[in-house]
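structure33.txt (compact mmCIF, all heavy atoms)
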# COMPACT_ATOMS: atom_id res chain seq x y z
N MET A 7 86.37 -121.02 61.34
CA MET A 7 87.70 -121.16 60.78
C MET A 7 87.59 -121.64 59.34
O MET A 7 86.83 -122.56 59.03
CB MET A 7 88.49 -122.17 61.61
CG MET A 7 89.90 -122.34 61.18
SD MET A 7 90.75 -123.38 62.36
CE MET A 7 91.99 -124.04 61.33
N LYS A 8 88.37 -121.00 58.45
CA LYS A 8 88.34 -121.39 57.04
C LYS A 8 89.11 -122.69 56.85
O LYS A 8 90.18 -122.88 57.42
CB LYS A 8 89.00 -120.32 56.19
CG LYS A 8 88.09 -119.19 55.82
CD LYS A 8 88.80 -118.29 54.84
CE LYS A 8 87.88 -117.92 53.72
NZ LYS A 8 88.51 -117.06 52.74
N GLN A 9 88.53 -123.55 56.06
CA GLN A 9 89.20 -124.81 55.75
C GLN A 9 90.15 -124.60 54.57
O GLN A 9 89.78 -123.99 53.57
CB GLN A 9 88.17 -125.88 55.41
CG GLN A 9 88.74 -127.26 55.28
CD GLN A 9 87.66 -128.30 55.05
OE1 GLN A 9 86.52 -127.95 54.79
NE2 GLN A 9 88.02 -129.55 55.14
N LEU A 10 91.39 -125.07 54.70
CA LEU A 10 92.35 -124.91 53.63
C LEU A 10 92.09 -125.92 52.52
O LEU A 10 91.97 -127.11 52.78
CB LEU A 10 93.78 -125.10 54.15
CG LEU A 10 94.28 -124.01 55.10
CD1 LEU A 10 95.66 -124.37 55.62
CD2 LEU A 10 94.34 -122.68 54.39
N ILE A 11 92.01 -125.41 51.31
CA ILE A 11 91.79 -126.26 50.13
C ILE A 11 93.10 -126.27 49.35
O ILE A 11 93.69 -125.22 49.11
CB ILE A 11 90.65 -125.69 49.26
CG1 ILE A 11 89.37 -125.60 50.08
CG2 ILE A 11 90.44 -126.56 48.03
CD1 ILE A 11 88.27 -124.83 49.40
N PRO A 12 93.57 -127.46 48.96
CA PRO A 12 94.83 -127.51 48.18
C PRO A 12 94.72 -126.66 46.92
O PRO A 12 93.65 -126.54 46.32
CB PRO A 12 94.97 -128.99 47.83
CG PRO A 12 94.08 -129.72 48.75
CD PRO A 12 93.01 -128.78 49.18
N LEU A 13 95.84 -126.09 46.53
CA LEU A 13 95.87 -125.18 45.39
C LEU A 13 95.40 -125.86 44.11
O LEU A 13 94.68 -125.26 43.31
CB LEU A 13 97.28 -124.62 45.21
CG LEU A 13 97.44 -123.47 44.24
CD1 LEU A 13 96.60 -122.28 44.69
CD2 LEU A 13 98.88 -123.06 44.12
N ASN A 14 95.80 -127.11 43.90
CA ASN A 14 95.40 -127.79 42.66
C ASN A 14 93.92 -128.15 42.63
O ASN A 14 93.38 -128.46 41.58
CB ASN A 14 96.26 -129.04 42.41
CG ASN A 14 96.11 -130.06 43.52
OD1 ASN A 14 95.57 -129.76 44.58
ND2 ASN A 14 96.60 -131.26 43.29
N LYS A 15 93.24 -128.07 43.76
CA LYS A 15 91.79 -128.33 43.81
C LYS A 15 90.98 -127.04 43.63
O LYS A 15 89.78 -127.09 43.41
CB LYS A 15 91.40 -128.96 45.15
CG LYS A 15 92.00 -130.32 45.40
CD LYS A 15 91.21 -131.37 44.68
CE LYS A 15 91.72 -132.74 45.08
NZ LYS A 15 90.92 -133.81 44.53
N GLN A 16 91.63 -125.91 43.72
CA GLN A 16 90.93 -124.63 43.58
C GLN A 16 90.70 -124.32 42.11
O GLN A 16 91.35 -124.87 41.23
CB GLN A 16 91.75 -123.52 44.23
CG GLN A 16 91.89 -123.67 45.73
CD GLN A 16 92.71 -122.57 46.34
OE1 GLN A 16 92.93 -121.52 45.73
NE2 GLN A 16 93.19 -122.80 47.55
N SER A 17 89.77 -123.40 41.87
CA SER A 17 89.48 -123.00 40.49
C SER A 17 90.69 -122.25 39.92
O SER A 17 91.56 -121.76 40.64
CB SER A 17 88.26 -122.09 40.45
OG SER A 17 88.54 -120.84 41.05
N LYS A 18 90.74 -122.17 38.58
CA LYS A 18 91.84 -121.48 37.90
C LYS A 18 91.90 -120.01 38.32
O LYS A 18 92.97 -119.44 38.47
CB LYS A 18 91.69 -121.57 36.38
CG LYS A 18 91.72 -122.97 35.84
CD LYS A 18 93.09 -123.58 35.97
CE LYS A 18 93.10 -124.97 35.38
NZ LYS A 18 94.34 -125.67 35.60
N LYS A 19 90.74 -119.42 38.53
CA LYS A 19 90.68 -118.01 38.93
C LYS A 19 91.30 -117.82 40.32
O LYS A 19 92.09 -116.90 40.53
CB LYS A 19 89.22 -117.56 38.95
CG LYS A 19 89.02 -116.10 39.19
CD LYS A 19 87.55 -115.73 39.07
CE LYS A 19 87.33 -114.25 39.24
NZ LYS A 19 85.91 -113.89 39.11
N LYS A 20 91.00 -118.71 41.25
CA LYS A 20 91.56 -118.64 42.60
C LYS A 20 93.07 -118.93 42.57
O LYS A 20 93.84 -118.31 43.30
CB LYS A 20 90.86 -119.63 43.53
CG LYS A 20 89.43 -119.29 43.81
CD LYS A 20 89.33 -118.08 44.70
CE LYS A 20 87.88 -117.81 45.04
NZ LYS A 20 87.71 -116.61 45.86
N GLN A 21 93.49 -119.86 41.72
CA GLN A 21 94.92 -120.16 41.60
C GLN A 21 95.67 -118.93 41.08
O GLN A 21 96.75 -118.60 41.58
CB GLN A 21 95.14 -121.33 40.64
CG GLN A 21 94.71 -122.67 41.19
CD GLN A 21 94.93 -123.79 40.19
OE1 GLN A 21 95.79 -123.69 39.31
NE2 GLN A 21 94.15 -124.85 40.31
N LYS A 22 95.07 -118.26 40.09
CA LYS A 22 95.69 -117.05 39.53
C LYS A 22 95.80 -115.96 40.59
O LYS A 22 96.84 -115.30 40.70
CB LYS A 22 94.88 -116.57 38.34
CG LYS A 22 95.50 -115.36 37.64
CD LYS A 22 94.68 -114.92 36.47
CE LYS A 22 95.23 -113.75 35.72
NZ LYS A 22 96.02 -112.78 36.44
N GLU A 23 94.75 -115.78 41.40
CA GLU A 23 94.79 -114.78 42.47
C GLU A 23 95.91 -115.10 43.46
O GLU A 23 96.64 -114.21 43.90
CB GLU A 23 93.44 -114.74 43.20
CG GLU A 23 92.33 -114.10 42.41
CD GLU A 23 90.98 -114.19 43.13
OE1 GLU A 23 90.94 -114.60 44.31
OE2 GLU A 23 89.97 -113.86 42.49
N TYR A 24 96.05 -116.38 43.81
CA TYR A 24 97.10 -116.80 44.74
C TYR A 24 98.49 -116.50 44.17
O TYR A 24 99.34 -115.93 44.85
CB TYR A 24 96.97 -118.30 45.04
CG TYR A 24 98.13 -118.85 45.83
CD1 TYR A 24 98.22 -118.65 47.21
CD2 TYR A 24 99.15 -119.54 45.20
CE1 TYR A 24 99.28 -119.14 47.94
CE2 TYR A 24 100.23 -120.04 45.92
CZ TYR A 24 100.29 -119.83 47.29
OH TYR A 24 101.36 -120.31 47.99
N HIS A 25 98.71 -116.89 42.91
CA HIS A 25 100.02 -116.68 42.29
C HIS A 25 100.31 -115.19 42.10
O HIS A 25 101.46 -114.77 42.21
CB HIS A 25 100.13 -117.43 40.96
CG HIS A 25 100.22 -118.91 41.14
ND1 HIS A 25 101.22 -119.54 41.84
CD2 HIS A 25 99.41 -119.91 40.70
CE1 HIS A 25 101.04 -120.84 41.83
NE2 HIS A 25 99.94 -121.10 41.15
N ASP A 26 99.28 -114.39 41.81
CA ASP A 26 99.47 -112.95 41.67
C ASP A 26 99.93 -112.32 42.98
O ASP A 26 100.75 -111.41 43.00
CB ASP A 26 98.19 -112.28 41.19
CG ASP A 26 97.89 -112.55 39.73
OD1 ASP A 26 98.81 -113.02 39.02
OD2 ASP A 26 96.75 -112.30 39.29
N LYS A 27 99.41 -112.83 44.11
CA LYS A 27 99.82 -112.32 45.42
C LYS A 27 101.26 -112.71 45.74
O LYS A 27 101.98 -111.96 46.38
CB LYS A 27 98.90 -112.87 46.51
CG LYS A 27 97.53 -112.25 46.54
CD LYS A 27 96.70 -112.84 47.65
CE LYS A 27 95.25 -112.42 47.52
NZ LYS A 27 94.39 -113.12 48.49
N GLN A 28 101.69 -113.89 45.29
CA GLN A 28 103.04 -114.38 45.57
C GLN A 28 104.10 -113.66 44.74
O GLN A 28 105.25 -113.57 45.13
CB GLN A 28 103.14 -115.89 45.28
CG GLN A 28 102.22 -116.74 46.12
CD GLN A 28 102.53 -116.61 47.60
OE1 GLN A 28 103.67 -116.68 48.01
NE2 GLN A 28 101.48 -116.42 48.39
N ARG A 29 103.68 -113.15 43.58
CA ARG A 29 104.62 -112.53 42.66
C ARG A 29 105.10 -111.18 43.19
O ARG A 29 104.32 -110.41 43.74
CB ARG A 29 103.91 -112.35 41.31
CG ARG A 29 104.85 -112.29 40.15
CD ARG A 29 104.11 -112.40 38.83
NE ARG A 29 103.62 -113.75 38.63
CZ ARG A 29 102.35 -114.06 38.37
NH1 ARG A 29 101.43 -113.13 38.26
NH2 ARG A 29 101.98 -115.31 38.19
N GLY A 30 106.36 -110.90 43.04
CA GLY A 30 106.93 -109.65 43.52
C GLY A 30 106.69 -108.50 42.56
O GLY A 30 106.21 -108.67 41.45
N SER A 31 107.09 -107.32 42.99
CA SER A 31 106.92 -106.12 42.19
C SER A 31 108.27 -105.68 41.63
O SER A 31 109.30 -105.82 42.29
CB SER A 31 106.33 -105.00 43.04
OG SER A 31 106.36 -103.79 42.34
N TRP A 32 108.24 -105.13 40.44
CA TRP A 32 109.47 -104.60 39.83
C TRP A 32 109.64 -103.12 40.16
O TRP A 32 110.62 -102.51 39.76
CB TRP A 32 109.43 -104.81 38.32
CG TRP A 32 109.76 -106.21 37.92
CD1 TRP A 32 108.88 -107.25 37.81
CD2 TRP A 32 111.04 -106.74 37.62
NE1 TRP A 32 109.55 -108.39 37.45
CE2 TRP A 32 110.88 -108.10 37.32
CE3 TRP A 32 112.31 -106.20 37.57
CZ2 TRP A 32 111.94 -108.93 36.97
CZ3 TRP A 32 113.36 -107.01 37.22
CH2 TRP A 32 113.17 -108.36 36.93
N ASN A 33 108.69 -102.53 40.88
CA ASN A 33 108.75 -101.13 41.31
C ASN A 33 109.05 -100.16 40.17
O ASN A 33 109.93 -99.31 40.25
CB ASN A 33 109.80 -100.96 42.42
CG ASN A 33 109.44 -101.73 43.66
OD1 ASN A 33 108.27 -101.82 44.02
ND2 ASN A 33 110.42 -102.31 44.32
N GLY A 34 108.34 -100.31 39.06
CA GLY A 34 108.47 -99.39 37.94
C GLY A 34 109.60 -99.72 36.98
O GLY A 34 109.78 -99.02 36.00
N ILE A 35 110.37 -100.76 37.25
CA ILE A 35 111.47 -101.15 36.36
C ILE A 35 110.93 -102.19 35.38
O ILE A 35 110.23 -103.11 35.76
CB ILE A 35 112.64 -101.76 37.16
CG1 ILE A 35 113.19 -100.72 38.14
CG2 ILE A 35 113.73 -102.25 36.24
CD1 ILE A 35 114.21 -101.29 39.09
N SER A 36 111.27 -102.03 34.12
CA SER A 36 110.83 -102.98 33.12
C SER A 36 111.71 -104.23 33.17
O SER A 36 112.93 -104.14 32.99
CB SER A 36 110.91 -102.36 31.73
OG SER A 36 110.62 -103.32 30.75
N PRO A 37 111.13 -105.42 33.39
CA PRO A 37 111.95 -106.63 33.45
C PRO A 37 112.57 -107.00 32.10
O PRO A 37 113.56 -107.72 32.05
CB PRO A 37 110.98 -107.71 33.91
CG PRO A 37 109.64 -107.19 33.61
CD PRO A 37 109.73 -105.70 33.66
N VAL A 38 112.04 -106.47 31.02
CA VAL A 38 112.57 -106.75 29.69
C VAL A 38 113.98 -106.19 29.54
O VAL A 38 114.84 -106.80 28.91
CB VAL A 38 111.63 -106.17 28.59
CG1 VAL A 38 112.21 -106.37 27.22
CG2 VAL A 38 110.26 -106.81 28.69
N THR A 39 114.23 -105.05 30.16
CA THR A 39 115.54 -104.42 30.06
C THR A 39 116.56 -105.08 30.98
O THR A 39 117.73 -104.71 30.98
CB THR A 39 115.46 -102.93 30.39
OG1 THR A 39 115.01 -102.78 31.74
CG2 THR A 39 114.53 -102.21 29.45
N ARG A 40 116.14 -106.05 31.78
CA ARG A 40 117.03 -106.71 32.74
C ARG A 40 117.56 -108.04 32.21
O ARG A 40 118.05 -108.85 32.96
CB ARG A 40 116.29 -106.95 34.07
CG ARG A 40 115.90 -105.67 34.76
CD ARG A 40 117.13 -104.91 35.21
NE ARG A 40 116.81 -103.66 35.84
CZ ARG A 40 117.05 -102.48 35.31
NH1 ARG A 40 117.59 -102.39 34.12
NH2 ARG A 40 116.75 -101.38 35.96
N THR A 41 117.48 -108.27 30.91
CA THR A 41 117.98 -109.52 30.35
C THR A 41 119.48 -109.43 30.13
O THR A 41 120.02 -108.36 29.85
CB THR A 41 117.30 -109.85 29.01
OG1 THR A 41 117.55 -108.78 28.10
CG2 THR A 41 115.80 -110.03 29.18
N VAL A 42 120.17 -110.56 30.26
CA VAL A 42 121.61 -110.62 30.04
C VAL A 42 121.83 -111.03 28.59
O VAL A 42 121.27 -112.03 28.14
CB VAL A 42 122.26 -111.64 30.99
CG1 VAL A 42 123.74 -111.77 30.72
CG2 VAL A 42 121.99 -111.27 32.43
N PRO A 43 122.61 -110.28 27.83
CA PRO A 43 122.82 -110.65 26.42
C PRO A 43 123.58 -111.97 26.31
O PRO A 43 124.45 -112.27 27.14
CB PRO A 43 123.64 -109.49 25.86
CG PRO A 43 124.22 -108.80 27.03
CD PRO A 43 123.30 -109.05 28.19
N ASN A 44 123.27 -112.73 25.29
CA ASN A 44 123.92 -114.01 25.04
C ASN A 44 125.33 -113.75 24.52
O ASN A 44 125.51 -113.11 23.48
CB ASN A 44 123.09 -114.82 24.03
CG ASN A 44 123.64 -116.20 23.79
OD1 ASN A 44 124.72 -116.55 24.29
ND2 ASN A 44 122.92 -116.99 23.04
N GLY A 45 126.33 -114.26 25.22
CA GLY A 45 127.71 -114.03 24.83
C GLY A 45 128.12 -114.77 23.57
O GLY A 45 129.06 -114.37 22.88
N LYS A 46 127.42 -115.85 23.24
CA LYS A 46 127.77 -116.65 22.06
C LYS A 46 127.09 -116.15 20.79
O LYS A 46 127.50 -116.49 19.69
CB LYS A 46 127.38 -118.11 22.28
CG LYS A 46 128.19 -118.78 23.37
CD LYS A 46 127.81 -120.23 23.49
CE LYS A 46 128.65 -120.92 24.55
NZ LYS A 46 128.30 -122.34 24.67
N ALA A 47 126.06 -115.34 20.95
CA ALA A 47 125.31 -114.85 19.79
C ALA A 47 126.13 -113.80 19.04
O ALA A 47 126.89 -113.04 19.64
CB ALA A 47 123.98 -114.26 20.22
N TYR A 48 125.96 -113.77 17.72
CA TYR A 48 126.66 -112.78 16.89
C TYR A 48 126.04 -111.41 17.10
O TYR A 48 124.83 -111.24 17.02
CB TYR A 48 126.59 -113.19 15.42
CG TYR A 48 127.22 -112.18 14.50
CD1 TYR A 48 128.59 -112.03 14.46
CD2 TYR A 48 126.45 -111.36 13.69
CE1 TYR A 48 129.19 -111.10 13.63
CE2 TYR A 48 127.03 -110.43 12.85
CZ TYR A 48 128.40 -110.30 12.83
OH TYR A 48 128.99 -109.38 12.00
N ASP A 49 126.88 -110.43 17.35
CA ASP A 49 126.42 -109.06 17.54
C ASP A 49 127.15 -108.18 16.53
O ASP A 49 128.36 -107.94 16.66
CB ASP A 49 126.71 -108.60 18.97
CG ASP A 49 126.18 -107.20 19.26
OD1 ASP A 49 125.45 -106.64 18.41
OD2 ASP A 49 126.51 -106.66 20.33
N ARG A 50 126.44 -107.70 15.52
CA ARG A 50 127.09 -106.92 14.47
C ARG A 50 127.60 -105.57 14.98
O ARG A 50 128.46 -104.96 14.37
CB ARG A 50 126.17 -106.76 13.26
CG ARG A 50 124.94 -105.93 13.52
CD ARG A 50 124.06 -105.80 12.28
NE ARG A 50 123.49 -107.09 11.90
CZ ARG A 50 123.66 -107.65 10.70
NH1 ARG A 50 124.36 -107.04 9.78
NH2 ARG A 50 123.13 -108.81 10.43
N ASN A 51 127.08 -105.09 16.10
CA ASN A 51 127.54 -103.81 16.64
C ASN A 51 128.76 -103.95 17.53
O ASN A 51 129.39 -102.96 17.88
CB ASN A 51 126.41 -103.13 17.42
CG ASN A 51 125.27 -102.73 16.52
OD1 ASN A 51 125.52 -102.26 15.42
ND2 ASN A 51 124.05 -102.91 16.97
N LYS A 52 129.09 -105.19 17.92
CA LYS A 52 130.22 -105.41 18.82
C LYS A 52 131.54 -104.95 18.19
O LYS A 52 132.35 -104.30 18.85
CB LYS A 52 130.30 -106.89 19.17
CG LYS A 52 131.35 -107.23 20.19
CD LYS A 52 131.29 -108.71 20.55
CE LYS A 52 132.32 -109.07 21.60
NZ LYS A 52 132.29 -110.48 21.95
N VAL A 53 131.74 -105.25 16.92
CA VAL A 53 132.96 -104.85 16.22
C VAL A 53 133.03 -103.33 16.17
O VAL A 53 134.10 -102.73 16.40
CB VAL A 53 133.01 -105.45 14.81
CG1 VAL A 53 134.23 -104.97 14.05
CG2 VAL A 53 132.97 -106.96 14.87
N LYS A 54 131.93 -102.68 15.88
CA LYS A 54 131.90 -101.21 15.82
C LYS A 54 132.27 -100.61 17.17
O LYS A 54 133.02 -99.63 17.25
CB LYS A 54 130.53 -100.73 15.40
CG LYS A 54 130.12 -101.12 14.00
CD LYS A 54 128.69 -100.66 13.70
CE LYS A 54 128.20 -101.24 12.39
NZ LYS A 54 126.80 -100.92 12.16
N ARG A 55 131.75 -101.19 18.26
CA ARG A 55 132.06 -100.68 19.59
C ARG A 55 133.53 -100.87 19.92
O ARG A 55 134.17 -99.98 20.50
CB ARG A 55 131.21 -101.40 20.64
CG ARG A 55 129.76 -100.95 20.68
CD ARG A 55 129.07 -101.41 21.94
NE ARG A 55 129.06 -102.87 22.06
CZ ARG A 55 128.08 -103.68 21.68
NH1 ARG A 55 126.99 -103.17 21.15
NH2 ARG A 55 128.18 -104.98 21.86
N GLU A 56 134.10 -102.04 19.56
CA GLU A 56 135.50 -102.31 19.84
C GLU A 56 136.41 -101.36 19.09
O GLU A 56 137.40 -100.86 19.61
CB GLU A 56 135.84 -103.76 19.51
CG GLU A 56 135.23 -104.75 20.46
CD GLU A 56 135.44 -106.19 20.03
OE1 GLU A 56 135.98 -106.42 18.92
OE2 GLU A 56 135.07 -107.09 20.80
N VAL A 57 136.10 -101.07 17.81
CA VAL A 57 136.89 -100.16 17.00
C VAL A 57 136.78 -98.74 17.56
O VAL A 57 137.77 -98.02 17.66
CB VAL A 57 136.45 -100.20 15.52
CG1 VAL A 57 137.08 -99.08 14.73
CG2 VAL A 57 136.77 -101.55 14.93
N HIS A 58 135.58 -98.38 17.96
CA HIS A 58 135.34 -97.02 18.46
C HIS A 58 136.06 -96.78 19.79
O HIS A 58 136.62 -95.72 20.01
CB HIS A 58 133.85 -96.79 18.64
CG HIS A 58 133.48 -95.37 18.92
ND1 HIS A 58 134.03 -94.64 19.94
CD2 HIS A 58 132.61 -94.52 18.30
CE1 HIS A 58 133.52 -93.44 19.97
NE2 HIS A 58 132.66 -93.33 18.97
N THR A 59 136.10 -97.77 20.68
CA THR A 59 136.74 -97.59 21.98
C THR A 59 138.27 -97.64 21.89
O THR A 59 138.96 -97.09 22.72
CB THR A 59 136.26 -98.65 22.98
OG1 THR A 59 136.52 -99.95 22.43
CG2 THR A 59 134.80 -98.52 23.28
N SER A 60 138.81 -98.30 20.86
CA SER A 60 140.26 -98.41 20.73
C SER A 60 140.89 -97.12 20.17
O SER A 60 142.09 -96.93 20.26
CB SER A 60 140.64 -99.59 19.85
OG SER A 60 140.19 -99.40 18.53
N GLU A 61 140.08 -96.27 19.59
CA GLU A 61 140.62 -95.03 19.00
C GLU A 61 140.95 -94.00 20.05
O GLU A 61 140.55 -93.92 21.10
CB GLU A 61 139.60 -94.42 18.03
CG GLU A 61 139.44 -95.25 16.79
CD GLU A 61 138.38 -94.69 15.86
OE1 GLU A 61 137.75 -93.66 16.18
OE2 GLU A 61 138.17 -95.27 14.80
Kindly return the structure encoded in the file as structure tokens.
Amino acid sequence: MKQLIPLNKQSKKKQKEYHDKQRGSWNGISPVTRTVPNGKAYDRNKVKREVHTSE
């Protein structure tokens, strides 16, 4: 039977392998495109979109 070693006692390489297994898959979707835009930030294109949609 394998003896369980706490994660913080394992080598960095073994810790990385463990965390890589725990991490989920994006199934081909880029996580960068899944960010929510900041509503308080200035967006110079927002005015153009509003004018364009009101016409």
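Here OD1 of Asp49 (chain A) stands at a distance of 21.7 Å from atom N of Ser36 (chain A).
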Item checked: Interatomic distance, CA of Glu23 (chain A) to atom C of Gln9 (chain A) (Å, one decimal) -> 16.3 Å
Checklist line | Interatomic distance, CD1 of Tyr24 (chain A) to CA of Pro37 (chain A) (Å, one decimal) | finding: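 Rounded to one decimal, the two atoms are 22.9 Å apart.
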Next item on the list: Please identify which residues in chain A DSSP calls helix (DSSP H, G or I) from the backbone, and express them as a ChimeraX atom specification.
Entry: /A:13-15,18-28,37-40,50-60
Can you tell me, as JSON, the centre and edge lengths (Å, one decimal) of the axis-aligned box enclosing all of region 19-28 of chain A's listed atoms after padding each side by 4 Å?
{"center_x": 95.6, "center_y": -118.1, "center_z": 42.1, "size_x": 27.3, "size_y": 21.4, "size_z": 20.8}
